[in-house]
>>> print(open('coords07.cif').read())   # mmCIF, N, CA, C and O atoms
data_data
#
loop_
_atom_site.label_atom_id
_atom_site.label_comp_id
_atom_site.auth_asym_id
_atom_site.auth_seq_id
_atom_site.Cartn_x
_atom_site.Cartn_y
_atom_site.Cartn_z
N LYS A 1 -15.04 -11.54 -14.65
CA LYS A 1 -14.61 -12.38 -13.54
C LYS A 1 -14.77 -11.61 -12.24
O LYS A 1 -14.29 -10.49 -12.11
N THR A 2 -15.41 -12.18 -11.26
CA THR A 2 -15.62 -11.52 -9.98
C THR A 2 -14.45 -11.82 -9.04
O THR A 2 -14.10 -12.98 -8.86
N PRO A 3 -13.83 -10.79 -8.47
CA PRO A 3 -12.73 -11.03 -7.54
C PRO A 3 -13.20 -11.77 -6.29
O PRO A 3 -14.32 -11.59 -5.85
N LYS A 4 -12.32 -12.59 -5.72
CA LYS A 4 -12.66 -13.36 -4.54
C LYS A 4 -12.23 -12.68 -3.25
O LYS A 4 -12.49 -13.17 -2.18
N THR A 5 -11.53 -11.59 -3.35
CA THR A 5 -10.96 -10.96 -2.17
C THR A 5 -10.88 -9.46 -2.36
O THR A 5 -10.99 -8.97 -3.48
N GLU A 6 -10.70 -8.71 -1.28
CA GLU A 6 -10.57 -7.26 -1.36
C GLU A 6 -9.13 -6.84 -1.58
O GLU A 6 -8.86 -5.69 -1.85
N ASN A 7 -8.19 -7.74 -1.47
CA ASN A 7 -6.79 -7.42 -1.60
C ASN A 7 -6.38 -7.53 -3.06
O ASN A 7 -6.43 -8.61 -3.64
N LEU A 8 -5.97 -6.42 -3.67
CA LEU A 8 -5.61 -6.42 -5.09
C LEU A 8 -4.49 -7.41 -5.38
O LEU A 8 -4.48 -8.10 -6.39
N ARG A 9 -3.50 -7.50 -4.47
CA ARG A 9 -2.41 -8.45 -4.66
C ARG A 9 -2.97 -9.87 -4.75
O ARG A 9 -2.57 -10.66 -5.58
N ASP A 10 -3.94 -10.19 -3.87
CA ASP A 10 -4.54 -11.52 -3.91
C ASP A 10 -5.26 -11.77 -5.23
O ASP A 10 -5.23 -12.87 -5.77
N ILE A 11 -5.92 -10.73 -5.74
CA ILE A 11 -6.64 -10.88 -7.02
C ILE A 11 -5.65 -11.21 -8.13
O ILE A 11 -5.87 -12.10 -8.94
N LEU A 12 -4.53 -10.49 -8.15
CA LEU A 12 -3.55 -10.70 -9.21
C LEU A 12 -2.79 -12.01 -9.05
O LEU A 12 -2.32 -12.59 -10.01
N MET A 13 -2.68 -12.52 -7.81
CA MET A 13 -1.91 -13.72 -7.53
C MET A 13 -2.77 -14.96 -7.34
O MET A 13 -2.27 -16.01 -6.99
N GLU A 14 -4.09 -14.85 -7.57
CA GLU A 14 -4.97 -15.95 -7.20
C GLU A 14 -4.66 -17.27 -7.91
O GLU A 14 -4.92 -18.33 -7.36
N ASP A 15 -4.10 -17.21 -9.11
CA ASP A 15 -3.76 -18.45 -9.78
C ASP A 15 -2.52 -19.09 -9.17
O ASP A 15 -2.31 -20.29 -9.29
N VAL A 16 -1.70 -18.28 -8.50
CA VAL A 16 -0.48 -18.78 -7.88
C VAL A 16 -0.76 -19.29 -6.48
O VAL A 16 -0.31 -20.35 -6.08
N VAL A 17 -1.52 -18.49 -5.71
CA VAL A 17 -1.84 -18.84 -4.33
C VAL A 17 -3.36 -18.78 -4.17
O VAL A 17 -3.92 -17.72 -3.94
N PRO A 18 -4.06 -19.90 -4.33
CA PRO A 18 -5.52 -19.90 -4.22
C PRO A 18 -5.98 -19.46 -2.83
O PRO A 18 -5.31 -19.71 -1.85
N SER A 19 -7.12 -18.78 -2.76
CA SER A 19 -7.65 -18.31 -1.50
C SER A 19 -9.09 -18.75 -1.36
O SER A 19 -9.82 -18.83 -2.34
N GLU A 20 -9.51 -19.00 -0.12
CA GLU A 20 -10.89 -19.37 0.14
C GLU A 20 -11.70 -18.17 0.61
O GLU A 20 -12.85 -18.30 0.99
N CYS A 21 -11.09 -16.97 0.62
CA CYS A 21 -11.79 -15.77 1.05
C CYS A 21 -12.88 -15.41 0.05
O CYS A 21 -12.71 -15.60 -1.14
N GLY A 22 -13.95 -14.87 0.55
CA GLY A 22 -15.05 -14.48 -0.32
C GLY A 22 -15.01 -13.01 -0.67
O GLY A 22 -14.48 -12.19 0.07
N ALA A 23 -15.60 -12.68 -1.80
CA ALA A 23 -15.67 -11.29 -2.25
C ALA A 23 -16.72 -10.54 -1.46
O ALA A 23 -17.68 -11.11 -0.96
N THR A 24 -16.53 -9.23 -1.36
CA THR A 24 -17.53 -8.36 -0.76
C THR A 24 -17.90 -7.30 -1.79
O THR A 24 -17.29 -7.25 -2.86
N GLU A 25 -18.84 -6.45 -1.47
CA GLU A 25 -19.21 -5.37 -2.39
C GLU A 25 -18.02 -4.46 -2.62
O GLU A 25 -17.85 -3.91 -3.71
N PHE A 26 -17.19 -4.27 -1.60
CA PHE A 26 -16.00 -3.42 -1.73
C PHE A 26 -15.07 -3.96 -2.82
O PHE A 26 -14.53 -3.20 -3.61
N SER A 27 -14.90 -5.28 -2.87
CA SER A 27 -14.01 -5.87 -3.89
C SER A 27 -14.49 -5.53 -5.29
O SER A 27 -13.68 -5.24 -6.17
N GLN A 28 -15.79 -5.58 -5.49
CA GLN A 28 -16.34 -5.28 -6.81
C GLN A 28 -16.06 -3.83 -7.20
O GLN A 28 -15.68 -3.54 -8.33
N VAL A 29 -16.21 -2.91 -6.25
CA VAL A 29 -15.96 -1.49 -6.52
C VAL A 29 -14.49 -1.28 -6.87
O VAL A 29 -14.15 -0.62 -7.85
N VAL A 30 -13.59 -1.86 -6.06
CA VAL A 30 -12.15 -1.73 -6.31
C VAL A 30 -11.81 -2.32 -7.68
O VAL A 30 -11.06 -1.72 -8.45
N TRP A 31 -12.35 -3.48 -7.98
CA TRP A 31 -12.05 -4.14 -9.25
C TRP A 31 -12.50 -3.28 -10.43
O TRP A 31 -11.80 -3.16 -11.43
N GLU A 32 -13.67 -2.67 -10.33
CA GLU A 32 -14.18 -1.82 -11.42
C GLU A 32 -13.25 -0.62 -11.64
O GLU A 32 -12.93 -0.27 -12.78
N HIS A 33 -12.80 0.01 -10.55
CA HIS A 33 -11.88 1.14 -10.68
C HIS A 33 -10.54 0.69 -11.25
O HIS A 33 -9.95 1.36 -12.10
N PHE A 34 -10.05 -0.45 -10.78
CA PHE A 34 -8.76 -0.96 -11.26
C PHE A 34 -8.81 -1.26 -12.76
O PHE A 34 -7.91 -0.87 -13.50
N THR A 35 -9.86 -1.92 -13.22
CA THR A 35 -9.93 -2.27 -14.64
C THR A 35 -10.08 -1.01 -15.50
O THR A 35 -9.54 -0.94 -16.59
N ALA A 36 -10.80 0.00 -14.99
CA ALA A 36 -10.92 1.25 -15.74
C ALA A 36 -9.57 1.93 -15.85
O ALA A 36 -9.18 2.41 -16.93
N LEU A 37 -8.81 1.98 -14.76
CA LEU A 37 -7.48 2.59 -14.80
C LEU A 37 -6.52 1.80 -15.68
O LEU A 37 -5.74 2.37 -16.42
N ALA A 38 -6.59 0.49 -15.60
CA ALA A 38 -5.66 -0.35 -16.35
C ALA A 38 -5.89 -0.24 -17.86
O ALA A 38 -4.99 -0.53 -18.64
N SER A 39 -7.06 0.22 -18.27
CA SER A 39 -7.32 0.35 -19.71
C SER A 39 -6.95 1.75 -20.24
O SER A 39 -7.05 2.00 -21.43
N ASP A 40 -6.49 2.63 -19.35
CA ASP A 40 -6.11 3.99 -19.74
C ASP A 40 -4.58 4.07 -19.76
O ASP A 40 -3.93 4.02 -18.73
N ASP A 41 -4.01 4.19 -20.96
CA ASP A 41 -2.54 4.19 -21.10
C ASP A 41 -1.88 5.29 -20.28
O ASP A 41 -0.82 5.08 -19.68
N LEU A 42 -2.46 6.47 -20.24
CA LEU A 42 -1.88 7.57 -19.49
C LEU A 42 -1.90 7.27 -17.99
O LEU A 42 -0.91 7.51 -17.28
N ALA A 43 -2.99 6.70 -17.50
CA ALA A 43 -3.09 6.34 -16.08
C ALA A 43 -2.05 5.28 -15.74
O ALA A 43 -1.42 5.34 -14.69
N VAL A 44 -1.86 4.31 -16.62
CA VAL A 44 -0.86 3.26 -16.40
C VAL A 44 0.54 3.87 -16.34
O VAL A 44 1.35 3.52 -15.48
N GLU A 45 0.82 4.82 -17.25
CA GLU A 45 2.14 5.47 -17.25
C GLU A 45 2.36 6.24 -15.95
O GLU A 45 3.40 6.15 -15.33
N TYR A 46 1.35 7.02 -15.53
CA TYR A 46 1.49 7.77 -14.28
C TYR A 46 1.63 6.84 -13.09
O TYR A 46 2.39 7.10 -12.16
N MET A 47 0.90 5.74 -13.10
CA MET A 47 1.00 4.78 -12.00
C MET A 47 2.39 4.19 -11.95
O MET A 47 2.96 4.03 -10.88
N SER A 48 2.96 3.88 -13.11
CA SER A 48 4.32 3.34 -13.16
C SER A 48 5.31 4.34 -12.57
O SER A 48 6.21 3.98 -11.81
N GLN A 49 5.14 5.62 -12.91
CA GLN A 49 6.03 6.64 -12.37
C GLN A 49 5.84 6.81 -10.87
O GLN A 49 6.80 6.95 -10.12
N TYR A 50 4.59 6.77 -10.43
CA TYR A 50 4.30 6.87 -9.01
C TYR A 50 4.93 5.71 -8.24
O TYR A 50 5.56 5.90 -7.21
N LEU A 51 4.78 4.49 -8.77
CA LEU A 51 5.38 3.33 -8.11
C LEU A 51 6.90 3.43 -8.08
O LEU A 51 7.53 3.05 -7.10
N PHE A 52 7.50 3.95 -9.16
CA PHE A 52 8.94 4.15 -9.20
C PHE A 52 9.37 5.11 -8.08
O PHE A 52 10.34 4.85 -7.36
N LEU A 53 8.64 6.23 -7.93
CA LEU A 53 8.95 7.19 -6.87
C LEU A 53 8.79 6.56 -5.49
O LEU A 53 9.62 6.75 -4.61
N GLN A 54 7.71 5.81 -5.31
CA GLN A 54 7.47 5.14 -4.04
C GLN A 54 8.59 4.15 -3.70
O GLN A 54 9.07 4.11 -2.57
N GLU A 55 8.97 3.33 -4.66
CA GLU A 55 10.02 2.34 -4.42
C GLU A 55 11.33 3.01 -4.04
O GLU A 55 12.03 2.56 -3.13
N ASN A 56 11.66 4.09 -4.72
CA ASN A 56 12.90 4.79 -4.40
C ASN A 56 12.82 5.51 -3.06
O ASN A 56 13.81 5.58 -2.34
N ALA A 57 11.66 6.06 -2.73
CA ALA A 57 11.50 6.69 -1.42
C ALA A 57 11.72 5.66 -0.32
O ALA A 57 12.39 5.93 0.69
N LEU A 58 11.19 4.47 -0.51
CA LEU A 58 11.40 3.41 0.48
C LEU A 58 12.85 2.97 0.53
O LEU A 58 13.42 2.78 1.60
N ARG A 59 13.45 2.79 -0.62
CA ARG A 59 14.83 2.35 -0.69
C ARG A 59 15.78 3.34 -0.01
O ARG A 59 16.72 2.96 0.66
N LEU A 60 15.49 4.62 -0.18
CA LEU A 60 16.32 5.68 0.39
C LEU A 60 15.87 6.10 1.78
O LEU A 60 16.43 7.01 2.37
N ARG A 61 14.84 5.43 2.30
CA ARG A 61 14.29 5.72 3.62
C ARG A 61 13.78 7.16 3.72
O ARG A 61 13.96 7.84 4.71
N ILE A 62 13.17 7.62 2.63
CA ILE A 62 12.58 8.96 2.60
C ILE A 62 11.12 8.80 3.01
O ILE A 62 10.37 8.07 2.37
N GLY A 63 10.74 9.45 4.03
CA GLY A 63 9.36 9.37 4.48
C GLY A 63 9.17 10.22 5.70
O GLY A 63 10.09 10.88 6.16
N THR A 64 7.98 10.20 6.21
CA THR A 64 7.68 11.00 7.38
C THR A 64 7.45 10.09 8.56
O THR A 64 7.27 8.88 8.41
N ASP A 65 7.42 10.68 9.73
CA ASP A 65 7.19 9.88 10.94
C ASP A 65 5.78 10.10 11.47
O ASP A 65 5.50 9.84 12.61
N HIS A 66 4.89 10.59 10.61
CA HIS A 66 3.50 10.72 11.02
C HIS A 66 2.60 10.08 9.97
O HIS A 66 2.97 9.95 8.81
N PHE A 67 1.43 9.68 10.42
CA PHE A 67 0.50 8.96 9.56
C PHE A 67 -0.86 9.64 9.63
O PHE A 67 -1.36 9.93 10.71
N GLY A 68 -1.44 9.88 8.47
CA GLY A 68 -2.67 10.66 8.37
C GLY A 68 -2.28 12.09 8.03
O GLY A 68 -1.18 12.53 8.36
N PRO A 69 -3.15 12.81 7.37
CA PRO A 69 -2.82 14.18 6.96
C PRO A 69 -2.33 15.06 8.11
O PRO A 69 -1.49 15.93 7.93
N HIS A 70 -2.86 14.83 9.32
CA HIS A 70 -2.48 15.66 10.46
C HIS A 70 -1.88 14.81 11.58
O HIS A 70 -1.89 15.24 12.74
N GLY A 71 -1.40 13.62 11.26
CA GLY A 71 -0.79 12.75 12.26
C GLY A 71 -1.78 11.99 13.11
O GLY A 71 -1.39 11.34 14.08
N GLU A 72 -3.05 12.00 12.73
CA GLU A 72 -4.08 11.39 13.57
C GLU A 72 -4.00 9.86 13.65
O GLU A 72 -4.59 9.26 14.53
N TYR A 73 -3.25 9.22 12.74
CA TYR A 73 -3.14 7.76 12.77
C TYR A 73 -1.77 7.28 13.26
O TYR A 73 -1.49 6.09 13.26
N THR A 74 -0.93 8.19 13.69
CA THR A 74 0.43 7.83 14.10
C THR A 74 0.45 6.83 15.23
O THR A 74 1.13 5.81 15.16
N ASN A 75 -0.30 7.09 16.31
CA ASN A 75 -0.31 6.16 17.45
C ASN A 75 -0.82 4.79 17.04
O ASN A 75 -0.28 3.76 17.46
N HIS A 76 -1.85 4.76 16.21
CA HIS A 76 -2.40 3.47 15.75
C HIS A 76 -1.35 2.68 14.97
O HIS A 76 -1.17 1.49 15.20
N VAL A 77 -0.66 3.34 14.05
CA VAL A 77 0.36 2.65 13.25
C VAL A 77 1.49 2.15 14.14
O VAL A 77 1.95 1.01 13.99
N GLU A 78 1.91 2.95 15.10
CA GLU A 78 2.99 2.52 16.00
C GLU A 78 2.56 1.31 16.82
O GLU A 78 3.35 0.38 17.03
N ARG A 79 1.30 1.27 17.28
CA ARG A 79 0.79 0.10 18.02
C ARG A 79 0.76 -1.13 17.11
O ARG A 79 1.12 -2.23 17.52
N MET A 80 0.32 -0.95 15.86
CA MET A 80 0.27 -2.08 14.93
C MET A 80 1.66 -2.63 14.65
O MET A 80 1.85 -3.84 14.54
N ILE A 81 2.64 -1.75 14.53
CA ILE A 81 4.02 -2.20 14.30
C ILE A 81 4.47 -3.07 15.47
O ILE A 81 5.02 -4.16 15.28
N ARG A 82 4.23 -2.60 16.69
CA ARG A 82 4.64 -3.38 17.88
C ARG A 82 3.90 -4.72 17.92
O ARG A 82 4.49 -5.76 18.23
N THR A 83 2.61 -4.71 17.58
CA THR A 83 1.83 -5.95 17.57
C THR A 83 2.39 -6.94 16.55
O THR A 83 2.55 -8.13 16.84
N LEU A 84 2.71 -6.45 15.35
CA LEU A 84 3.25 -7.34 14.31
C LEU A 84 4.65 -7.84 14.67
O LEU A 84 4.98 -9.00 14.42
N GLU A 85 5.45 -6.99 15.28
CA GLU A 85 6.79 -7.43 15.71
C GLU A 85 6.69 -8.55 16.74
O GLU A 85 7.45 -9.52 16.68
N ARG A 86 5.73 -8.43 17.66
CA ARG A 86 5.54 -9.51 18.65
C ARG A 86 5.00 -10.77 17.97
O ARG A 86 5.45 -11.87 18.24
N PHE A 87 4.03 -10.60 17.07
CA PHE A 87 3.42 -11.75 16.39
C PHE A 87 4.47 -12.54 15.62
O PHE A 87 4.50 -13.76 15.66
N TRP A 88 5.33 -11.84 14.88
CA TRP A 88 6.34 -12.51 14.06
C TRP A 88 7.67 -12.69 14.79
O TRP A 88 8.63 -13.17 14.19
N ASN A 89 7.71 -12.28 16.06
CA ASN A 89 8.95 -12.37 16.84
C ASN A 89 10.10 -11.68 16.10
O ASN A 89 11.16 -12.26 15.88
N MET A 90 9.85 -10.45 15.70
CA MET A 90 10.83 -9.66 14.95
C MET A 90 11.00 -8.28 15.61
O MET A 90 10.67 -7.26 15.02
N PRO A 91 11.48 -8.25 16.85
CA PRO A 91 11.60 -6.95 17.53
C PRO A 91 12.50 -5.98 16.77
O PRO A 91 13.58 -6.34 16.31
N ASN A 92 12.00 -4.76 16.62
CA ASN A 92 12.74 -3.67 15.95
C ASN A 92 13.14 -3.98 14.51
O ASN A 92 14.13 -3.45 14.02
N GLU A 93 12.40 -4.85 13.84
CA GLU A 93 12.74 -5.19 12.45
C GLU A 93 11.71 -4.70 11.44
O GLU A 93 11.92 -4.86 10.24
N ILE A 94 10.61 -4.13 11.90
CA ILE A 94 9.58 -3.64 10.99
C ILE A 94 9.65 -2.12 10.97
O ILE A 94 9.64 -1.47 12.00
N GLU A 95 9.73 -1.57 9.76
CA GLU A 95 9.78 -0.12 9.60
C GLU A 95 8.66 0.30 8.66
O GLU A 95 8.48 -0.27 7.60
N VAL A 96 7.91 1.29 9.08
CA VAL A 96 6.83 1.83 8.26
C VAL A 96 7.14 3.30 8.05
O VAL A 96 7.36 4.04 9.00
N LEU A 97 7.17 3.71 6.80
CA LEU A 97 7.43 5.11 6.47
C LEU A 97 6.18 5.73 5.89
O LEU A 97 5.59 5.19 4.96
N GLY A 98 5.76 6.85 6.44
CA GLY A 98 4.60 7.56 5.91
C GLY A 98 4.97 8.25 4.61
O GLY A 98 6.02 8.85 4.49
N GLN A 99 4.10 8.14 3.64
CA GLN A 99 4.30 8.82 2.37
C GLN A 99 3.16 9.81 2.19
O GLN A 99 2.00 9.45 2.25
N HIS A 100 3.53 11.06 1.99
CA HIS A 100 2.53 12.12 1.87
C HIS A 100 2.82 12.91 0.60
O HIS A 100 3.87 12.77 -0.02
N ASN A 101 1.88 13.76 0.25
CA ASN A 101 2.06 14.58 -0.95
C ASN A 101 3.36 15.36 -0.91
O ASN A 101 4.03 15.50 -1.92
N GLU A 102 3.74 15.86 0.28
CA GLU A 102 4.97 16.65 0.33
C GLU A 102 6.19 15.80 -0.04
O GLU A 102 7.15 16.30 -0.59
N THR A 103 6.15 14.50 0.22
CA THR A 103 7.25 13.62 -0.16
C THR A 103 7.32 13.52 -1.67
O THR A 103 8.39 13.65 -2.27
N LEU A 104 6.18 13.29 -2.30
CA LEU A 104 6.15 13.12 -3.76
C LEU A 104 6.37 14.44 -4.49
O LEU A 104 6.89 14.46 -5.60
N ASN A 105 5.98 15.55 -3.87
CA ASN A 105 6.14 16.84 -4.52
C ASN A 105 7.55 17.41 -4.38
O ASN A 105 7.91 18.36 -5.07
N ASP A 106 8.37 16.84 -3.51
CA ASP A 106 9.73 17.32 -3.29
C ASP A 106 10.65 16.69 -4.34
O ASP A 106 11.06 15.55 -4.21
N ARG A 107 10.97 17.42 -5.38
CA ARG A 107 11.78 16.88 -6.49
C ARG A 107 13.19 16.56 -6.06
O ARG A 107 13.87 15.76 -6.68
N GLU A 108 13.70 17.21 -5.03
CA GLU A 108 15.06 16.92 -4.56
C GLU A 108 15.08 15.56 -3.92
O GLU A 108 16.04 14.86 -3.91
#
>>> encode(input="coords07.cif", output="structure tokens")
Amino acid sequence: KTPKTENLRDILMEDVVPSECGATEFSQVVWEHFTALASDDLAVEYMSQYLFLQENALRLRIGTDHFGPHGEYTNHVERMIRTLERFWNMPNEIEVLGQHNETLNDRE
């Protein structure tokens, strides 16, 4: 089955929320990697653990205030947050936390 979109969530939810978006070459590459990972039990287990860590980091507001390995995307992310807050009329209601290797490697 060829994915219709580049967004993995859309691919998994397409039966629930149909989309008219078309697939690109990128979607095919992502889909091939996803299906390969999904067939590897160890990769699925590690992904489950990674998602568990991510969810808890978000829940506990553990994250960094910079984006990109050296902070090179911080200004861009801050502008996007302001743009989305204006678009949805949600001033100061959107929070984005950077997740980096140091966050995941910190067992405490």
>>> atom_distance(input="coords07.cif", atom1="atom C of A:Phe52", atom2="atom O of A:Leu97")
13.6 Å
>>> closest_residue(input="coords07.cif", among="A:Arg82, A:Glu72, A:His66, A:Phe87", to="A:Gln99", atoms="only C-alpha atoms")
A:His66
>>> closest_residue(input="coords07.cif", among="A:Val96, A:Phe34, A:Met90, A:Glu25", to="A:Asp65", atoms="all atoms listed in the file")
A:Val96
>>> atom_distance(input="coords07.cif", atom1="atom N of A:Gln49", atom2="atom N of A:His70")
25.4 Å
>>> resolve_selection(input="coords07.cif", expression="the PyMOL selection byres ((chain A and resi 81) around 8)", output="PyMOL selection string")
chain A and resi 74-80+82-88+90-96
